[in-house]
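Visitor: Quick one: structure below, then a few questions.
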Amino acid sequence: MKYLKYFESHIRQGPGQLPLQKINLEEFKKLLQENCKQFLEVAQNINFTKYSEWSGSEQLLFRKFNSNHGDFVFTHPKVSEHRRIAPWSDWGNWHNLIISNLDSWKEYPRRNKSMIASGWSRAKSHMGLDMYLVIPFDKTKIGVCESEDFWNSFNVYRQNRLYIPQWFKNIIQNLSSQSGVTFSNDDSWEDILPYLDKKYENIFYREYDVNKTLLENLNEFLNPKKNQFRLETFSKVSKLQKQKCRECWFEDEALLISWKYLTNLNKEEIQELFPSVGFFSKFKL
């Protein structure tokens, strides 16, 4: 614990910035061997056949960044000041704000406090320059979608093809119309909560119970179990990823290693990096 607190004290950053702490090789190896046994076991059994897009890649997690953050990285989003604001949304941050604060989602990592990751094919398709292999700690709880994209995994999208961020924006507009209040701060739960926790006429026109508050309706309609989300550790996530590439997210500890760095190592250097397993020696270098 004392060892990890050293890193946690160095990852305080402002809202919207992921907390990424550059560490050295020895620190990476120590944290890997002590905390990432599930990853090592999964990787040991992957049959790597190619150097870049191998058949086993979807069993692991990746993330692409706009810039390089060093060869070895430690992250723990929960303990930082990081708060994720939806960066590319045309409908504001309402979807991210509400999902992160609903009681029905309280057992899951908060979306606005999490690092997002996925299998190789989805991560590769994202904008950015530097790919990282993501290695969650054994105890890290990982949220898993039913589909490749988090927001496309809800029933409202699967049944109606209505994009969830847009659906949330419509809810806010309807709420504003019925309450007579204009909502402008899509990053403050305290500002909107009193208005969500009231009864209204039908706000989102489907499966809406007028005898319950809007907040109760949202908790029921967006319940993660009803929408086929899961909460797992890395071993199970790896099995799910093997079936289908899915978006994942977590707010607890993880390691990252630069894919560019890793794929430029020779066999001896790879063995030094992962001394307890020989899985990367299966690369056809």
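Ordered as shown in the structure tokens, chains take letters A, B, and onward, while each chain numbers its residues from 1 and ligands are numbered from 1 in the order shown.
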Might you pull out every residue within 12 Å of Phe28 of chain A, with only C-alpha atoms counted and same-chain residues fewer than 4 positions away left off, and present them as an MDAnalysis selection string?

Guide: chainID A and resid 3:4 7 21:24 32:36 70:75 135 254:257 272:274

Visitor: Selected residues, N, CA and C atoms, written as a PDB file, in the first residue's frame, please.

Guide:
```pdb
ATOM      1  N   TYR A   3       3.773   1.582  -1.183  1.00  0.00           N
ATOM      2  CA  TYR A   3       4.403   1.692  -2.496  1.00  0.00           C
ATOM      3  C   TYR A   3       3.462   2.378  -3.482  1.00  0.00           C
ATOM      4  N   LEU A   4       2.176   1.972  -3.457  1.00  0.00           N
ATOM      5  CA  LEU A   4       1.203   2.553  -4.386  1.00  0.00           C
ATOM      6  C   LEU A   4       0.889   3.998  -4.032  1.00  0.00           C
ATOM      7  N   PHE A   7       2.879   6.568  -5.838  1.00  0.00           N
ATOM      8  CA  PHE A   7       2.436   6.918  -7.189  1.00  0.00           C
ATOM      9  C   PHE A   7       1.175   7.767  -7.150  1.00  0.00           C
ATOM     10  N   GLN A  21       0.806   8.157 -14.567  1.00  0.00           N
ATOM     11  CA  GLN A  21       2.097   8.391 -13.932  1.00  0.00           C
ATOM     12  C   GLN A  21       3.171   7.536 -14.586  1.00  0.00           C
ATOM     13  N   LYS A  22       4.146   8.164 -15.201  1.00  0.00           N
ATOM     14  CA  LYS A  22       5.253   7.434 -15.813  1.00  0.00           C
ATOM     15  C   LYS A  22       6.090   6.759 -14.725  1.00  0.00           C
ATOM     16  N   ILE A  23       6.391   5.470 -14.927  1.00  0.00           N
ATOM     17  CA  ILE A  23       7.224   4.728 -13.983  1.00  0.00           C
ATOM     18  C   ILE A  23       8.370   4.069 -14.761  1.00  0.00           C
ATOM     19  N   ASN A  24       9.350   3.524 -14.049  1.00  0.00           N
ATOM     20  CA  ASN A  24      10.478   2.898 -14.736  1.00  0.00           C
ATOM     21  C   ASN A  24      10.271   1.391 -14.868  1.00  0.00           C
ATOM     22  N   LEU A  32       3.617  -5.425 -11.768  1.00  0.00           N
ATOM     23  CA  LEU A  32       3.054  -6.469 -12.631  1.00  0.00           C
ATOM     24  C   LEU A  32       3.035  -7.813 -11.918  1.00  0.00           C
ATOM     25  N   GLN A  33       4.167  -8.212 -11.366  1.00  0.00           N
ATOM     26  CA  GLN A  33       4.269  -9.522 -10.726  1.00  0.00           C
ATOM     27  C   GLN A  33       3.428  -9.615  -9.452  1.00  0.00           C
ATOM     28  N   GLU A  34       3.293  -8.513  -8.736  1.00  0.00           N
ATOM     29  CA  GLU A  34       2.571  -8.530  -7.466  1.00  0.00           C
ATOM     30  C   GLU A  34       1.058  -8.379  -7.630  1.00  0.00           C
ATOM     31  N   ASN A  35       0.623  -7.729  -8.709  1.00  0.00           N
ATOM     32  CA  ASN A  35      -0.783  -7.325  -8.789  1.00  0.00           C
ATOM     33  C   ASN A  35      -1.528  -7.751 -10.045  1.00  0.00           C
ATOM     34  N   CYS A  36      -0.854  -8.334 -11.026  1.00  0.00           N
ATOM     35  CA  CYS A  36      -1.490  -8.600 -12.325  1.00  0.00           C
ATOM     36  C   CYS A  36      -1.371 -10.068 -12.731  1.00  0.00           C
ATOM     37  N   GLY A  70       5.101   7.826 -22.148  1.00  0.00           N
ATOM     38  CA  GLY A  70       6.202   7.050 -21.611  1.00  0.00           C
ATOM     39  C   GLY A  70       6.012   5.575 -21.904  1.00  0.00           C
ATOM     40  N   ASP A  71       7.069   4.792 -21.716  1.00  0.00           N
ATOM     41  CA  ASP A  71       7.004   3.353 -22.008  1.00  0.00           C
ATOM     42  C   ASP A  71       6.182   2.601 -20.975  1.00  0.00           C
ATOM     43  N   PHE A  72       6.288   2.988 -19.703  1.00  0.00           N
ATOM     44  CA  PHE A  72       5.590   2.295 -18.613  1.00  0.00           C
ATOM     45  C   PHE A  72       4.764   3.303 -17.823  1.00  0.00           C
ATOM     46  N   VAL A  73       3.510   2.956 -17.554  1.00  0.00           N
ATOM     47  CA  VAL A  73       2.589   3.900 -16.908  1.00  0.00           C
ATOM     48  C   VAL A  73       1.781   3.185 -15.824  1.00  0.00           C
ATOM     49  N   PHE A  74       1.569   3.883 -14.718  1.00  0.00           N
ATOM     50  CA  PHE A  74       0.648   3.436 -13.668  1.00  0.00           C
ATOM     51  C   PHE A  74      -0.520   4.407 -13.628  1.00  0.00           C
ATOM     52  N   THR A  75      -1.745   3.885 -13.416  1.00  0.00           N
ATOM     53  CA  THR A  75      -2.904   4.762 -13.304  1.00  0.00           C
ATOM     54  C   THR A  75      -3.852   4.267 -12.220  1.00  0.00           C
ATOM     55  N   ILE A 135      -3.214  -3.178 -18.640  1.00  0.00           N
ATOM     56  CA  ILE A 135      -3.116  -4.348 -17.763  1.00  0.00           C
ATOM     57  C   ILE A 135      -3.760  -4.017 -16.418  1.00  0.00           C
ATOM     58  N   ALA A 254      -4.284   0.100 -12.658  1.00  0.00           N
ATOM     59  CA  ALA A 254      -3.879  -0.623 -13.862  1.00  0.00           C
ATOM     60  C   ALA A 254      -2.488  -0.153 -14.280  1.00  0.00           C
ATOM     61  N   LEU A 255      -1.834  -0.990 -15.056  1.00  0.00           N
ATOM     62  CA  LEU A 255      -0.584  -0.634 -15.708  1.00  0.00           C
ATOM     63  C   LEU A 255      -0.832  -0.480 -17.198  1.00  0.00           C
ATOM     64  N   LEU A 256       0.005   0.324 -17.847  1.00  0.00           N
ATOM     65  CA  LEU A 256      -0.031   0.452 -19.295  1.00  0.00           C
ATOM     66  C   LEU A 256       1.402   0.363 -19.806  1.00  0.00           C
ATOM     67  N   ILE A 257       1.551  -0.225 -20.983  1.00  0.00           N
ATOM     68  CA  ILE A 257       2.859  -0.283 -21.616  1.00  0.00           C
ATOM     69  C   ILE A 257       2.709   0.115 -23.073  1.00  0.00           C
ATOM     70  N   GLU A 272      13.159 -10.281 -20.069  1.00  0.00           N
ATOM     71  CA  GLU A 272      13.503  -9.489 -18.889  1.00  0.00           C
ATOM     72  C   GLU A 272      12.270  -8.754 -18.359  1.00  0.00           C
ATOM     73  N   LEU A 273      11.451  -8.285 -19.298  1.00  0.00           N
ATOM     74  CA  LEU A 273      10.260  -7.541 -18.911  1.00  0.00           C
ATOM     75  C   LEU A 273       9.219  -8.446 -18.259  1.00  0.00           C
ATOM     76  N   PHE A 274       9.050  -9.642 -18.802  1.00  0.00           N
ATOM     77  CA  PHE A 274       8.081 -10.607 -18.289  1.00  0.00           C
ATOM     78  C   PHE A 274       8.812 -11.885 -17.885  1.00  0.00           C
TER      79      PHE A 274
END
```

Visitor: Can you list, as a PyMOL selection string, every protein, DNA or RNA residue that comes within 9 Å of Glu216 of chain A when you count only C-alpha atoms, leaving out same-chain residues fewer than 5 positions away?

Guide: chain A and resi 196-197+209+221

Visitor: Write the residues of the preceding selection, restricted to C-alpha atoms, as an mmCIF file, in the first residue's frame.

Guide:
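Below is the file that was written, part-v7.cif:
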```
data_model
loop_
_atom_site.group_PDB
_atom_site.id
_atom_site.type_symbol
_atom_site.label_atom_id
_atom_site.label_comp_id
_atom_site.auth_asym_id
_atom_site.auth_seq_id
_atom_site.Cartn_x
_atom_site.Cartn_y
_atom_site.Cartn_z
ATOM 1 C CA LEU A 196 -34.819 14.788 -11.531
ATOM 2 C CA ASP A 197 -36.183 13.714 -8.156
ATOM 3 C CA ASP A 209 -44.334 5.373 -14.937
ATOM 4 C CA PHE A 221 -35.027 2.020 -17.391
#
```

Visitor: Which residue out of A:Gln243, A:Asn66, A:Ser114, A:Asn93 has the minimum interatomic distance to Ser147 of chain A when only C-alpha atoms are used?

Guide: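 The answer is A:Gln243, which sits nearest to Ser147 of chain A.
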
Visitor: Which polymer residues have any atom within 12 Å of an atom of segment 206-208 of chain A, counting only C-alpha atoms, with same-chain residues fewer than 3 positions away left out, as a count of residues only?

Guide: 23

Visitor: Pick from A:Lys169, A:Arg83, A:Lys225, A:Arg230: nearest to Ile142 of chain A, with only C-alpha atoms counted?

Guide: A:Arg230

Visitor: Please compute the atom CA of Thr140 of chain A-atom CA of Leu265 of chain A distance, one decimal, in Å.

Guide: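 Atom-to-atom, atom CA of Thr140 of chain A to atom CA of Leu265 of chain A, that is 28.1 Å.
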
Visitor: With only C-alpha atoms as the counted atoms, please give the residues lying no more than 6 Å from segment 59-65 of chain A, apart from itself and same-chain residues fewer than 5 positions off, as a PyMOL selection string.

Guide: chain A and resi 117-120+123+128+130-134+238+241-242

Visitor: For the residues in that selection, give me C-alpha atoms as an mmCIF file, in the first residue's frame.

Guide:
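For reference, result_14.cif as written:
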```
data_model
loop_
_atom_site.group_PDB
_atom_site.id
_atom_site.type_symbol
_atom_site.label_atom_id
_atom_site.label_comp_id
_atom_site.auth_asym_id
_atom_site.auth_seq_id
_atom_site.Cartn_x
_atom_site.Cartn_y
_atom_site.Cartn_z
ATOM 1 C CA ALA A 117 -10.384 0.504 -22.984
ATOM 2 C CA SER A 118 -11.337 -2.143 -25.542
ATOM 3 C CA GLY A 119 -10.075 -4.990 -27.685
ATOM 4 C CA TRP A 120 -7.462 -4.389 -30.368
ATOM 5 C CA ALA A 123 -8.893 0.629 -30.041
ATOM 6 C CA GLY A 128 -4.781 8.987 -31.706
ATOM 7 C CA ASP A 130 0.164 5.997 -29.517
ATOM 8 C CA MET A 131 -1.351 2.609 -28.649
ATOM 9 C CA TYR A 132 -0.969 1.167 -25.142
ATOM 10 C CA LEU A 133 -1.552 -2.326 -23.811
ATOM 11 C CA VAL A 134 -3.745 -1.962 -20.691
ATOM 12 C CA SER A 238 -10.692 -11.584 -21.424
ATOM 13 C CA GLN A 241 -13.507 -10.146 -25.360
ATOM 14 C CA LYS A 242 -12.544 -13.358 -27.115
#
```

Visitor: Work out how far apart atom CA of Ile192 of chain A and atom CA of Arg158 of chain A are and give it in Å to one decimal.

Guide: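 Interatomic distance, atom CA of Ile192 of chain A to atom CA of Arg158 of chain A: 27.4 Å.
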
Visitor: Would you give me, as a count of residues only, the residues in segment 198-252 of chain A that DSSP reads as strand (DSSP E or B)?

Guide: 6

Visitor: Could you give me, as a ChimeraX atom specification, the residues within 8 Å of segment 232-236 of chain A, counting only C-alpha atoms and dropping anything in the same chain fewer than 5 positions from it?

Guide: /A:38-39,42,136-144

Visitor: Dump N, CA and C atoms for the selected residues as a JSON list (two decimals), in the first residue's frame?

Guide:
```
[["chain", "number", "residue", "atom", "x", "y", "z"],
["A", 38, "GLN", "N", -3.70, -12.31, -13.06],
["A", 38, "GLN", "CA", -4.72, -12.71, -14.02],
["A", 38, "GLN", "C", -4.27, -12.40, -15.45],
["A", 39, "PHE", "N", -3.71, -11.22, -15.64],
["A", 39, "PHE", "CA", -3.20, -10.87, -16.96],
["A", 39, "PHE", "C", -2.10, -11.83, -17.40],
["A", 42, "VAL", "N", -3.62, -15.17, -18.44],
["A", 42, "VAL", "CA", -4.31, -15.07, -19.73],
["A", 42, "VAL", "C", -3.31, -15.00, -20.87],
["A", 136, "PRO", "N", -5.05, -4.31, -16.24],
["A", 136, "PRO", "CA", -5.71, -4.02, -14.95],
["A", 136, "PRO", "C", -5.15, -4.90, -13.82],
["A", 137, "PHE", "N", -5.15, -4.37, -12.61],
["A", 137, "PHE", "CA", -4.79, -5.15, -11.44],
["A", 137, "PHE", "C", -5.85, -6.25, -11.24],
["A", 138, "ASP", "N", -5.47, -7.30, -10.54],
["A", 138, "ASP", "CA", -6.39, -8.42, -10.30],
["A", 138, "ASP", "C", -7.67, -7.97, -9.59],
["A", 139, "LYS", "N", -7.55, -7.03, -8.67],
["A", 139, "LYS", "CA", -8.71, -6.61, -7.88],
["A", 139, "LYS", "C", -9.55, -5.54, -8.58],
["A", 140, "THR", "N", -9.08, -5.04, -9.70],
["A", 140, "THR", "CA", -9.80, -3.97, -10.40],
["A", 140, "THR", "C", -11.10, -4.49, -11.01],
["A", 141, "LYS", "N", -12.20, -3.83, -10.66],
["A", 141, "LYS", "CA", -13.50, -4.17, -11.21],
["A", 141, "LYS", "C", -13.68, -3.45, -12.55],
["A", 142, "ILE", "N", -14.08, -4.22, -13.55],
["A", 142, "ILE", "CA", -14.17, -3.69, -14.91],
["A", 142, "ILE", "C", -15.61, -3.78, -15.40],
["A", 143, "GLY", "N", -16.16, -2.65, -15.84],
["A", 143, "GLY", "CA", -17.47, -2.66, -16.46],
["A", 143, "GLY", "C", -17.34, -3.12, -17.91],
["A", 144, "VAL", "N", -18.27, -3.98, -18.34],
["A", 144, "VAL", "CA", -18.21, -4.55, -19.69],
["A", 144, "VAL", "C", -19.55, -4.36, -20.39]]
```

Visitor: Do you have the atom CA of Tyr163 of chain A-atom CA of Trp91 of chain A distance handy?

Guide: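 Atom CA of Trp91 of chain A lies 10.2 Å from atom CA of Tyr163 of chain A.
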
Visitor: Would you mind telling me which residue in A:Glu41, A:Glu268, A:Asp149, A:Glu190 lies nearest to Trp249 of chain A when using only C-alpha atoms?

Guide: A:Asp149
